[in-house]
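K.L.:
The structure that follows is given in the form of structure tokens.
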Amino acid sequence: MSTFEHAGQQATTLRTTRPGSDGEHLVQQRMGTTDRADRFYADQVLDRLNPRMREFVNRQEMFFLATADRHGACDNTFRAGPPGFLHVLDDATLTYPEYRGNGVHASLGNIEENPQVGILMVDFLRDRIGLHVNGRARSVADDEMRRAHPWLPADQVPGRRALVWVVITVEEAYIHCAKHIPHFQKVPARGHGRPWGTDDFKRKGGDFFGAASEAPDRGPYLPPPRPDADAATWRAEAERVLARAERHALGEGADAGAESTAGAPPFSGWFSRGTSV
């Protein structure tokens, strides 16, 4: 970014670099869409949430979350909750609670290695429009979040109690156009409503895709040693893996300086776990 000042007018912020990746810029040149893309960047891409975006976020009941690990392997998942469960802390910060799930924690694990995330919110019911938010995420313990933001609701539904919070610093926010978004309608709730946090096999969907029935074809699955079986050994190995990831991110190579971290404080992720959020 840079600034300039008209004579007698307030300083104005100007973009000096185009939004988006080098790859998308290359494809735009190849496809002849650079001018059209520049109009979209100039008119629609913000580095914050404006008032209409904040209002939109505050009434959403679901969103799609994209993450990737340090190798670039991607994961895309779905998050849902009561309206407003994705909270706007300010025009540059969002947060949402991670509920009890299947115990895999793929998204949180990716965020540990690579903080870049993408969120897509789609209003299928009323406005039939979408909002993209890209930024950097970190996880924060529930007690730390409540000390910093005591107004956050404490949900009494067991399956909607926050295990941790994900805090996202907004880097890009822009529209997803309406032309291909279907228009849905809500139907009345059936039975006992949504089974938040349940471990009931059938209520979770059972073996809908038949994956479990193919288990004999996959060969034996040998899970890694449980942390509680040898906590010290497991933690030491986890710290070695994360230390290698940190060195790789700094451009030192996956194996460079393999012994250089002896005696150093354990690496605890790509973000600071302080109380400041």
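Ligands are numbered from 1 in the order shown, residues from 1 within each chain, and chains are lettered A, B, ... in the order they appear in the structure tokens.
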Can you list, as number ranges by chain, every protein, DNA or RNA residue that comes within 8 Å of Leu49 (chain A) when you count only C-alpha atoms, leaving out same-chain residues fewer than 4 positions away?
P.N.:
A: 53-54, 91-92, 170, 173
K.L.:
If you run DSSP on the backbone here, which positions in region 20-239 of chain A get strand (DSSP E)? Please write them as a PyMOL selection string.
P.N.:
chain A and resi 62-68+74-80+87-90+93-98+116-123+129-141+164-176
K.L.:
Measuring atom to atom with only C-alpha atoms, identify which of A:Ile181, A:Val104, A:Thr67, A:Gln156 is nearest to Arg138 (chain A).
P.N.:
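The shortest atom-to-atom distance to Arg138 (chain A) comes from A:Thr67.
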K.L.:
Give me the residues near Leu125 (chain A) as a PyMOL selection string, where near means some atom within 12 Å (using only C-alpha atoms) and where sequence neighbours in that chain fewer than 5 positions away do not count.
P.N.:
chain A and resi 59-62+130+178+181-187
K.L.:
What lies within 12 Å of Leu86 (chain A) using only C-alpha atoms, ignoring chain neighbours under 4 positions off, as a PyMOL selection string?
P.N.:
chain A and resi 54-65+79-82+93-98+119-121+133+152-153+165-168
K.L.:
Using only C-alpha atoms, pick whichever of A:Glu113, A:Pro188, A:Leu163, A:Leu131 has the shortest atom-to-atom distance to Ala243 (chain A).
P.N.:
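Using only C-alpha atoms, the shortest distance to Ala243 (chain A) belongs to A:Glu113.
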K.L.:
For the structure I just gave you, how does DSSP split region 13-229 of chain A - specifically, which residues are helix (DSSP H, G or I)? Reply as a PyMOL selection string.
P.N.:
chain A and resi 22-31+34-44+51-58+106-113+142-148+158-160+212-218
K.L.:
If you measure from CA of Thr17 (chain A) to CA of Ala68 (chain A), what distance in Å do you get, rounded to one decimal?
P.N.:
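Pair CA of Thr17 (chain A) / CA of Ala68 (chain A) returns 24.5 Å.
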K.L.:
Name all residues at most 12 Å from Phe40 (chain A) (count only C-alpha atoms; drop same-chain ones fewer than 2 positions away) and give them as a VMD selection string.
P.N.:
chain A and resid 18 to 20 33 to 38 42 to 46 173 to 177
K.L.:
What does the distance from CA of Gly118 (chain A) to CA of Val88 (chain A) come to in Å, to one decimal?
P.N.:
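Separation of CA of Gly118 (chain A) and CA of Val88 (chain A): 15.8 Å.
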K.L.:
Measuring between only C-alpha atoms, which one of A:Arg190, A:His25, A:Arg52, A:Phe85 shows the shortest distance to Ala154 (chain A)?
P.N.:
A:Phe85
K.L.:
Restricting the calculation to only C-alpha atoms, which member of A:Ala212, A:Ala189, A:Val140, A:Met31 is positioned closest to Ala162 (chain A)?
P.N.:
A:Val140
K.L.:
Looking at only C-alpha atoms, which of A:Arg244, A:Arg100, A:Arg128, A:His105 is the one that sits closest to Gly159 (chain A)?
P.N.:
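Nearest candidate to Gly159 (chain A) out of A:Arg244, A:Arg100, A:Arg128, A:His105: A:Arg100.
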